[in-house]
Structures are given as structure tokens and as C-alpha cells.
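> Quick one, my_file07.csv (CSV, C-alpha atoms and all ligand atoms):
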```
chain,number,residue,atom,x,y,z
A,240,MET,CA,-20.3,0.8,-6.0
A,241,LYS,CA,-20.5,-1.6,-8.9
A,242,PRO,CA,-19.5,-5.1,-7.9
A,243,ASN,CA,-16.5,-5.2,-10.2
A,244,LEU,CA,-15.0,-2.0,-8.9
A,245,ARG,CA,-12.5,-2.1,-6.1
A,246,GLN,CA,-12.2,0.6,-3.5
A,247,LYS,CA,-9.4,3.1,-4.1
A,248,PHE,CA,-6.9,4.1,-1.4
A,249,ILE,CA,-4.5,7.0,-1.1
A,250,ILE,CA,-2.1,6.4,1.8
A,251,GLY,CA,0.6,8.7,3.1
A,252,ASN,CA,3.8,7.3,4.6
A,253,TRP,CA,5.5,10.1,6.5
A,254,LYS,CA,8.6,7.9,7.2
A,255,MET,CA,11.0,9.5,9.8
A,256,HIS,CA,9.8,13.1,9.1
A,257,THR,CA,8.1,15.9,10.9
A,258,THR,CA,8.2,17.3,14.4
A,259,ALA,CA,5.2,17.1,16.7
A,260,ALA,CA,4.1,20.6,15.6
A,261,GLU,CA,4.6,19.8,11.9
A,262,ALA,CA,2.7,16.5,12.3
A,263,GLY,CA,-0.3,18.3,13.9
A,264,GLN,CA,-0.3,21.0,11.2
A,265,LEU,CA,0.0,18.5,8.4
A,266,ALA,CA,-2.8,16.3,9.8
A,267,LYS,CA,-5.1,19.3,10.2
A,268,ALA,CA,-4.4,20.6,6.7
A,269,ILE,CA,-5.1,17.1,5.2
A,270,VAL,CA,-8.3,16.7,7.2
A,271,ASP,CA,-9.6,20.1,6.0
A,272,GLY,CA,-8.4,19.6,2.4
A,273,VAL,CA,-9.7,16.2,1.6
A,274,GLY,CA,-13.3,17.1,2.5
A,275,ILE,CA,-16.0,14.5,2.9
A,276,GLU,CA,-16.3,12.8,-0.5
A,277,ASP,CA,-15.4,9.2,0.4
A,278,ARG,CA,-15.1,7.4,-2.9
A,279,VAL,CA,-11.4,7.1,-2.1
A,280,SER,CA,-10.2,5.9,1.3
A,281,VAL,CA,-7.5,8.1,2.8
A,282,ALA,CA,-5.0,7.2,5.5
A,283,VAL,CA,-1.8,8.8,6.9
A,284,CYS,CA,1.0,6.9,8.6
A,285,PRO,CA,3.0,9.2,10.9
A,286,PRO,CA,6.1,8.2,12.9
A,287,PHE,CA,5.3,6.2,16.1
A,288,PRO,CA,5.8,9.2,18.5
A,289,TYR,CA,3.1,11.2,16.8
A,290,LEU,CA,0.5,8.6,16.3
A,291,ALA,CA,-1.4,9.7,19.5
A,292,LEU,CA,-1.3,13.3,18.5
A,293,VAL,CA,-2.4,12.7,14.9
A,294,GLY,CA,-5.0,10.2,16.2
A,295,LYS,CA,-6.7,13.0,18.1
A,296,ILE,CA,-7.0,15.1,15.0
A,297,LEU,CA,-8.5,12.5,12.6
A,298,PRO,CA,-11.8,11.4,14.3
A,299,GLY,CA,-14.8,12.7,12.4
A,300,SER,CA,-12.8,13.0,9.2
A,301,ARG,CA,-12.5,10.5,6.4
A,302,VAL,CA,-8.8,10.1,7.1
A,303,ALA,CA,-7.7,6.9,8.9
A,304,LEU,CA,-4.6,6.3,11.0
A,305,GLY,CA,-1.9,3.9,10.1
A,306,ALA,CA,1.5,2.9,11.5
A,307,GLN,CA,4.7,2.3,9.6
A,308,ASN,CA,5.8,-0.9,11.4
A,309,LEU,CA,5.2,-3.1,14.3
A,310,TYR,CA,7.0,-5.8,16.3
A,311,PRO,CA,5.5,-9.3,15.9
A,312,GLU,CA,4.8,-10.0,19.6
A,313,LYS,CA,1.9,-9.1,21.8
A,314,GLU,CA,4.1,-7.7,24.6
A,315,GLY,CA,7.3,-8.6,26.4
A,316,ALA,CA,11.0,-7.7,26.8
A,317,PHE,CA,11.6,-6.1,23.4
A,318,THR,CA,13.2,-2.8,24.2
A,319,GLY,CA,12.3,0.0,21.8
A,320,GLU,CA,9.6,-2.0,19.9
A,321,VAL,CA,5.9,-1.4,19.4
A,322,SER,CA,3.3,-4.1,19.5
A,323,PRO,CA,0.1,-4.5,17.4
A,324,THR,CA,-2.0,-4.1,20.6
A,325,MET,CA,-0.3,-0.7,21.2
A,326,LEU,CA,-1.1,0.4,17.6
A,327,LEU,CA,-4.8,-0.6,18.1
A,328,ASP,CA,-4.8,1.2,21.4
A,329,LEU,CA,-3.7,4.4,19.6
A,330,GLY,CA,-6.5,4.1,17.0
A,331,CYS,CA,-4.5,2.6,14.1
A,332,LYS,CA,-6.5,0.9,11.4
A,333,HIS,CA,-3.6,0.1,9.1
A,334,VAL,CA,0.0,-0.9,9.4
A,335,ILE,CA,2.7,-0.8,6.6
A,336,LEU,CA,4.8,-4.0,6.5
A,337,GLY,CA,7.6,-5.2,4.2
A,338,HIS,CA,8.5,-1.6,3.1
A,339,SER,CA,11.7,-1.7,1.0
A,340,GLU,CA,13.5,0.6,3.4
A,341,ARG,CA,13.0,-2.0,6.2
A,342,ARG,CA,13.9,-4.8,3.8
A,343,HIS,CA,17.0,-3.3,2.4
A,344,LYS,CA,18.2,-0.7,5.0
A,345,LEU,CA,17.2,-2.7,8.2
A,346,GLY,CA,17.7,-6.2,6.9
A,347,GLU,CA,14.2,-7.5,7.3
A,348,THR,CA,13.7,-11.0,5.8
A,349,ASP,CA,10.7,-12.5,4.1
A,350,ALA,CA,10.3,-14.8,7.1
A,351,PHE,CA,10.3,-12.0,9.6
A,352,ILE,CA,7.9,-9.9,7.5
A,353,ASN,CA,5.6,-12.9,7.3
A,354,LYS,CA,5.6,-13.2,11.1
A,355,LYS,CA,4.6,-9.5,11.3
A,356,VAL,CA,1.9,-9.9,8.7
A,357,ARG,CA,0.3,-12.9,10.5
A,358,ILE,CA,0.4,-11.2,13.9
A,359,ALA,CA,-1.0,-7.9,12.5
A,360,PHE,CA,-3.9,-9.8,11.0
A,361,ALA,CA,-4.5,-11.8,14.2
A,362,ALA,CA,-4.6,-8.5,16.2
A,363,GLY,CA,-7.2,-7.1,13.7
A,364,LEU,CA,-5.1,-4.6,11.8
A,365,GLU,CA,-5.4,-4.0,8.1
A,366,VAL,CA,-2.0,-4.7,6.4
A,367,ILE,CA,-0.4,-2.7,3.7
A,368,PHE,CA,2.1,-5.3,2.4
A,369,CYS,CA,4.9,-3.8,0.3
A,370,VAL,CA,6.7,-5.7,-2.4
A,371,GLY,CA,9.1,-4.5,-5.1
A,372,GLU,CA,12.3,-5.3,-6.9
A,373,THR,CA,15.6,-3.3,-6.9
A,374,LEU,CA,17.1,-1.8,-10.1
A,375,GLU,CA,19.7,-4.5,-10.3
A,376,GLN,CA,17.0,-7.2,-10.1
A,377,ARG,CA,14.9,-5.5,-12.8
A,378,GLN,CA,17.9,-5.2,-15.0
A,379,ALA,CA,18.7,-8.8,-14.5
A,380,SER,CA,15.1,-9.7,-15.5
A,381,GLN,CA,14.4,-11.0,-12.0
A,382,THR,CA,11.3,-8.8,-11.3
A,383,GLU,CA,8.8,-11.6,-11.6
A,384,ALA,CA,10.9,-14.0,-9.4
A,385,VAL,CA,11.4,-11.4,-6.7
A,386,LEU,CA,7.7,-10.4,-6.6
A,387,ASP,CA,6.9,-14.1,-6.6
A,388,ARG,CA,9.2,-14.8,-3.6
A,389,GLN,CA,8.0,-11.8,-1.6
A,390,ILE,CA,4.4,-12.7,-2.1
A,391,VAL,CA,4.7,-16.4,-1.5
A,392,GLN,CA,6.9,-16.1,1.6
A,393,GLY,CA,5.4,-12.9,2.9
A,394,LEU,CA,1.8,-14.2,2.8
A,395,ALA,CA,2.5,-17.9,3.7
A,396,GLY,CA,0.0,-19.1,6.3
A,397,VAL,CA,-2.3,-16.1,6.2
A,398,PRO,CA,-5.8,-17.3,6.9
A,399,ALA,CA,-8.4,-16.8,4.1
A,400,ASP,CA,-10.6,-14.6,6.4
A,401,ALA,CA,-7.7,-12.1,6.8
A,402,LEU,CA,-7.2,-11.6,3.0
A,403,PRO,CA,-10.1,-9.0,2.6
A,404,HIS,CA,-8.0,-6.9,5.1
A,405,LEU,CA,-4.9,-7.0,2.9
A,406,ILE,CA,-3.7,-4.3,0.6
A,407,ILE,CA,-0.6,-5.0,-1.5
A,408,ALA,CA,1.6,-2.0,-2.5
A,409,TYR,CA,3.9,-2.5,-5.5
A,410,GLU,CA,6.8,-0.3,-4.9
A,411,PRO,CA,9.8,-0.8,-7.2
A,412,VAL,CA,12.8,0.2,-5.1
A,413,TRP,CA,14.4,2.1,-8.0
A,414,ALA,CA,11.5,4.5,-8.3
A,415,ILE,CA,11.1,5.4,-4.6
A,416,GLY,CA,12.3,8.8,-3.4
A,417,SER,CA,14.5,11.0,-5.4
A,418,THR,CA,16.3,8.4,-7.5
A,419,GLY,CA,15.5,10.1,-10.8
A,420,HIS,CA,13.9,6.9,-12.1
A,421,HIS,CA,10.2,6.7,-12.7
A,422,ALA,CA,8.1,3.7,-13.5
A,423,THR,CA,6.0,4.0,-16.7
A,424,PRO,CA,2.3,3.3,-16.5
A,425,GLN,CA,2.9,0.2,-18.6
A,426,GLN,CA,5.6,-1.1,-16.2
A,427,VAL,CA,3.2,-0.4,-13.3
A,428,GLN,CA,0.3,-2.1,-15.0
A,429,ASP,CA,2.4,-5.2,-15.9
A,430,ALA,CA,3.7,-5.6,-12.3
A,431,HIS,CA,0.2,-5.2,-10.9
A,432,ALA,CA,-1.1,-7.9,-13.3
A,433,LEU,CA,1.7,-10.2,-12.3
A,434,ILE,CA,1.0,-9.7,-8.6
A,435,ARG,CA,-2.7,-10.3,-9.0
A,436,ARG,CA,-2.1,-13.4,-11.1
A,437,ARG,CA,0.3,-14.8,-8.5
A,438,PHE,CA,-2.0,-14.0,-5.7
A,439,GLY,CA,-4.8,-15.7,-7.6
A,440,GLN,CA,-2.8,-18.9,-7.9
A,441,MET,CA,-2.3,-18.9,-4.1
A,442,PHE,CA,-5.7,-17.8,-2.9
A,443,GLY,CA,-8.1,-18.2,-5.8
A,444,LYS,CA,-9.4,-15.9,-8.6
A,445,GLU,CA,-12.3,-14.4,-6.6
A,446,LEU,CA,-10.0,-13.1,-3.8
A,447,ALA,CA,-7.5,-11.9,-6.5
A,448,GLN,CA,-10.3,-10.0,-8.3
A,449,SER,CA,-11.1,-8.1,-5.1
A,450,LEU,CA,-7.5,-7.6,-4.0
A,451,VAL,CA,-6.5,-3.9,-3.7
A,452,ILE,CA,-3.1,-3.2,-5.2
A,453,LEU,CA,-1.5,0.2,-4.7
A,454,TYR,CA,1.4,1.7,-6.6
A,455,GLY,CA,4.2,3.5,-4.8
A,456,GLY,CA,7.3,5.2,-6.2
A,457,SER,CA,7.6,9.0,-6.7
A,458,VAL,CA,3.8,9.5,-7.1
A,459,LYS,CA,3.3,13.3,-7.4
A,460,PRO,CA,0.3,15.5,-8.4
A,461,ASP,CA,1.6,15.6,-12.0
A,462,ASN,CA,1.9,11.9,-12.6
A,463,ALA,CA,-0.8,10.6,-10.2
A,464,GLY,CA,-3.6,10.8,-12.8
A,465,SER,CA,-1.9,8.6,-15.4
A,466,LEU,CA,-0.7,6.1,-12.8
A,467,LEU,CA,-4.1,5.9,-11.0
A,468,ARG,CA,-6.0,5.3,-14.2
A,469,CYS,CA,-3.9,2.2,-15.1
A,470,ASP,CA,-5.7,-1.1,-15.2
A,471,GLY,CA,-5.4,-2.9,-11.9
A,472,VAL,CA,-4.0,0.1,-10.0
A,473,ASP,CA,-6.3,0.8,-7.0
A,474,GLY,CA,-4.5,3.7,-5.5
A,475,ALA,CA,-1.2,4.8,-4.2
A,476,LEU,CA,1.2,4.7,-1.3
A,477,ILE,CA,2.8,8.1,-1.2
A,478,GLY,CA,6.1,9.0,0.5
A,479,GLY,CA,7.6,12.5,-0.2
A,480,ALA,CA,4.4,14.1,-1.6
A,481,SER,CA,2.5,13.1,1.5
A,482,LEU,CA,4.5,15.6,3.6
A,483,LYS,CA,3.0,18.5,1.6
A,484,ALA,CA,-0.7,18.8,2.3
A,485,ASP,CA,-1.5,20.5,-1.0
A,486,GLN,CA,0.3,17.8,-3.0
A,487,PHE,CA,-1.2,14.9,-1.0
A,488,ILE,CA,-4.7,16.4,-1.4
A,489,ALA,CA,-4.1,16.9,-5.2
A,490,ILE,CA,-3.3,13.1,-5.4
A,491,VAL,CA,-6.4,12.2,-3.5
A,492,GLU,CA,-8.4,14.3,-6.0
A,493,ALA,CA,-6.6,12.5,-8.9
A,494,GLY,CA,-7.7,9.2,-7.2
A,495,THR,CA,-11.3,10.4,-7.0
A,496,SER,CA,-11.4,11.4,-10.6
A,497,ALA,CA,-9.8,8.0,-11.6
A,498,TRP,CA,-12.5,6.3,-9.6
A,499,HIS,CA,-15.2,8.2,-11.5
A,500,THR,CA,-13.6,7.4,-14.9
A,501,GLU,CA,-13.5,3.7,-13.9
A,502,GLU,CA,-17.1,3.8,-12.7
A,503,GLU,CA,-18.3,5.3,-16.0
A,504,SER,CA,-16.5,2.8,-18.1
A,505,ALA,CA,-17.4,-0.2,-16.0
A,506,SER,CA,-19.6,-2.7,-17.7
A,507,GLU,CA,-21.1,-5.9,-16.4
A,508,PRO,CA,-18.4,-8.2,-14.9
A,509,THR,CA,-16.9,-10.4,-17.6
A,510,HIS,CA,-13.6,-12.3,-17.5
A,511,ASN,CA,-10.6,-10.4,-16.1
A,512,PRO,CA,-7.6,-10.6,-18.4
A,513,GLU,CA,-5.3,-9.9,-15.4
A,514,LEU,CA,-6.1,-13.3,-14.1
A,515,GLU,CA,-5.7,-15.3,-17.3
A,516,PRO,CA,-2.8,-17.8,-17.4
A,517,LYS,CA,0.3,-16.3,-19.0
A,518,GLN,CA,1.0,-17.2,-22.6
A,519,SER,CA,4.4,-18.8,-22.8
B,1,LIG,C1,7.5,5.1,-0.2
B,1,LIG,O1,8.5,5.1,0.4
B,1,LIG,O2,6.6,4.3,0.2
B,1,LIG,C2,7.3,5.9,-1.3
B,1,LIG,C3,6.4,5.6,-2.2
B,1,LIG,O3,8.1,7.1,-1.4
B,1,LIG,P1,8.1,8.2,-2.5
B,1,LIG,O4,6.6,8.5,-2.8
B,1,LIG,O5,8.8,9.3,-1.9
B,1,LIG,O6,8.8,7.6,-3.7
```
What's the C-alpha cells form of this structure?
Ligand code: PEP


Amino acid sequence: MKPNLRQKFIIGNWKMHTTAAEAGQLAKAIVDGVGIEDRVSVAVCPPFPYLALVGKILPGSRVALGAQNLYPEKEGAFTGEVSPTMLLDLGCKHVILGHSERRHKLGETDAFINKKVRIAFAAGLEVIFCVGETLEQRQASQTEAVLDRQIVQGLAGVPADALPHLIIAYEPVWAIGSTGHHATPQQVQDAHALIRRRFGQMFGKELAQSLVILYGGSVKPDNAGSLLRCDGVDGALIGGASLKADQFIAIVEAGTSAWHTEEESASEPTHNPELEPKQS
């Protein structure tokens, strides 16, 4: 890989869907369908009860296992919760934290998410940290302030050596699921640039240059190509389309072809306009 190219990721978030039988079939179909080409890293995040089952299907394939959440304690009297140690024990590599459904439907605060992020890293998990504004916030021109707050508060106190294990997913809440709203490639590109710039102010340009930022929000086979070829978009976090093996595989293929396009057009590293100070 050329030094100025970042790894691409396509990650499926199955949310609270599937039965055990469906989870097994879906995992098998994805393993068979994605083949062995590994330019794009692939992971699936099934519901907690099926992590063990899916975890038995993935070994030997290029598909990694991720969880959708964790509780930020090693162990203890936390009825119904799942610890980072348990996730590692089940073979999870990744964990999704800060998803908008947990922020907005389950009331998770930036401070609580930050605790989860720091404990996940301390345990050795790779974190997929989700940020994104609501429709009301976008319409009130608050997108930048919201992303800023989520990044600053969500990543506070994360040690520098953990940052290479961080993936940020930009997921505008208004584009997730069947809302009928879709982010344009320009909106996605602008938000990713903003996130990379803010991250660079916190942790330095070098880490910002290598930070993987995914897009999530109604990514389907028919729009994946245009979104995945946007500047600064390093892959996608997929909800609905990750439940259909053929759709998920088609998005992985779109990611692979975006990677090849990027590799072909990559020149020697020069300055990165995404990291330049904003003109006022
Ligand atoms: C998600 O919830 O992370 C997501 C991106 O969902 P969808 O692809 O269904 O919009």
C-alpha cells in the first residue's frame, strides 16, 4: 500500500436483527461471497447473543467480528451488561460506540461514551466511534459544533498509542435507516474534512492523516461507489444493507474498486488540503 493511502473498511451493523439461524446463514453467505481479496477490511457486528455463533463461522475468512456496544467496567454487579473482556473472549476485534441510536434512543451522554471508549481501548479492542448531527441540528447550522463536541468530549483522555486503533464513523442521524433523506457526496466529504481537521487539532496532523473515517447512512449498492470515492471517505458502516448478503458483498466490491481508483491516482505525498486551517 502506498504510504498516503489509508486502509478501507466495510463494517456491517446488524443492530437488533436476525434469529440464530439467520445470523449463521448471513455470516456464511458473507464469508463465501467476499472471497479472499483483502484490500478492504470487512467486519460484521451481530447482536450479543449471536457473537459466539458467528465467531465460529468467521475464522479463516477475511471477515472480523465486532460488537455493537459494551459496558465500561471489567466485571461486577451490572445486570444485563456485557464487558470488554467478554467481547475479547468471544473473539471480537471491534466495538461500535457512540452510535446515534444509543445516543438518542437510549440517552447515552458524551461523558458515558467517553468512558466506554477509554475502557475499550484499555482492553485492547478497536473502537468504531460514531458521531453525527440530527436534522434539526443541521438545519440550525449546528453540524460543526455538534461534531466538535462529540469528538472533543468522546475522545478526551484517549492515550496517543490507542489512536491508531480508532475508526471514526460519520453518521448523520437524518440519513440513517429509512428516513427518505440521503447525504450527498459533497455533504459527506465536507463533514469528513471537518472531523479530520478537528481531530488534527487535538492529536496532530500526522495522526489525522492516518485516521480512518467511515461514512454511515443508507449506504446501498447503488450509492456506495459515489460515496466511497469521496475524498477522505475510507469506507462505510452499513445498517440495513448489511442484513442482505448480496447487498453487503456488492458494497464490499464497491469499496475494493474505490481503493483501486485511489491507488491509481495516488501521487507522492504532498500537503493534505483536508488538514489546512479553515479560511474565515
Ligand atoms: C447505522 O445505523 O449505522 C446505519 C448506517 O444504518 P443504515 O445503513 O440502515 O442507514

> Determine the nearest neighbour of A:Glu312 from the options A:Ile250, A:Leu327, A:Ile358, A:Val279, counting only C-alpha atoms.

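Checking each candidate against A:Glu312, we get A:Ile358 as the closest.
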
> Just the residues within 12 Å of A:Tyr310, please, counting only C-alpha atoms, with nothing from its chain fewer than 4 positions along; format it as a list in words.

Ala306, Glu314, Gly315, Ala316, Phe317, Thr318, Gly319, Glu320, Val321, Ser322, Pro323, Thr324, Met325, Leu326, Val334, Ile335, Leu336, Glu347, Phe351, Ile352, Asn353, Lys354, Lys355, Val356, Arg357, Ile358, Ala359 and Ala362 of chain A

> Could you pull the residues within 12 Å of A:Trp498, counting all atoms listed in the file, minus those fewer than 5 positions along the same chain, as JSON, numbers by chain?

{"A": [240, 241, 244, 245, 246, 247, 248, 249, 276, 277, 278, 279, 280, 464, 467, 468, 469, 470, 471, 472, 473, 474, 491, 492, 493, 503, 504, 505]}

> Nearest residue to ligand LIG 1 (chain B) out of A:Gly416, A:Gly294, A:Gly337, A:Pro288, using only C-alpha atoms and all ligand atoms?

A:Gly416

> Under the rule that all atoms listed in the file are counted, which of A:Gly396, A:Pro460, A:Pro311, A:Gly346 is the nearest residue to ligand LIG 1 (chain B)?

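Between A:Gly396, A:Pro460, A:Pro311, A:Gly346, the residue approaching ligand LIG 1 (chain B) most closely is A:Pro460.
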
> Measure the distance from atom CA of A:Val427 to atom CA of A:Ala475 in Å and round it to one decimal.

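For atom CA of A:Val427 relative to atom CA of A:Ala475, the distance reads 11.4 Å.
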
> Could you tell me which of A:Val412, A:Leu386, A:Ala463, A:Gln376 comes closest to A:Arg342 if we count only C-alpha atoms?

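When distances to A:Arg342 are compared using only C-alpha atoms, the smallest one comes from A:Val412.
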
> Between A:Met441, A:Ala399, A:Val370, A:Ala414, which residue has the minimum interatomic distance to A:Leu453, considering only C-alpha atoms?

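Closest candidate: A:Val370.
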
> If the limit is 7 Å from any atom of ligand LIG 1 (chain B), counting only C-alpha atoms and all ligand atoms, which residues qualify? Return them as an NGL selection string.

:A and (252 or 338 or 410 or 414-417 or 455-458 or 476-480)

> Please compute the atom CA of A:Phe438-atom CA of A:Arg301 distance, one decimal, in Å.

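Distance reported for this atom pair: 29.3 Å.
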
> With only C-alpha atoms as the atoms that count, which of A:Ser449, A:Ala484, A:Cys331, A:Thr500 lies nearest to A:Gly263?

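Smallest distance to A:Gly263 is found for A:Ala484.
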
> Can you measure atom CA of A:Thr423 to atom CA of A:Asn462 for me? One decimal in Å is fine.

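Computing the Euclidean distance for atom CA of A:Thr423 and atom CA of A:Asn462 yields 9.8 Å.
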
> Put the listed atoms of stretch 427-437 of chain A in a box along x, y and z with 5 Å added on every side and give me the centre and edge lengths in Å to one decimal, as lines of an AutoDock Vina configuration file.


```
center_x = 0.5
center_y = -7.6
center_z = -12.2
size_x = 16.4
size_y = 24.4
size_z = 17.4
```

> If I put a ball of radius 12 Å at (0.1, -9.6, -13.0) in the file's coordinates, which residues poke into it when counting only C-alpha atoms, written as a count of residues only?

35

> Name the residues in contact with A:Asp461 at a cut-off of 10 Å, using all atoms listed in the file, excluding same-chain residues fewer than 5 positions from it; report them as a list in words.

Leu466, Gln486, Ala489, Ile490 and Ala493 of chain A

> For A:Ala260, find every residue with an atom within 12 Å (counting all atoms listed in the file), except residues of its own chain fewer than 6 positions away, and show them as a ChimeraX atom specification.

/A:266-267,288-289,292-293

> Hey, what's within 8 Å of A:His404 if we count only C-alpha atoms and toss same-chain stuff fewer than 4 positions away? As a VMD selection string, please?

chain A and resid 360 364 to 366

> Restricting the output to C-alpha atoms, write the selected residues as a short mmCIF file (atom, residue, chain, number, x, y, z; two decimals), in the coordinates of the input.


```
data_model
loop_
_atom_site.label_atom_id
_atom_site.label_comp_id
_atom_site.auth_asym_id
_atom_site.auth_seq_id
_atom_site.Cartn_x
_atom_site.Cartn_y
_atom_site.Cartn_z
CA PHE A 360 -3.90 -9.80 11.00
CA LEU A 364 -5.10 -4.60 11.80
CA GLU A 365 -5.40 -4.00 8.10
CA VAL A 366 -2.00 -4.70 6.40
#
```
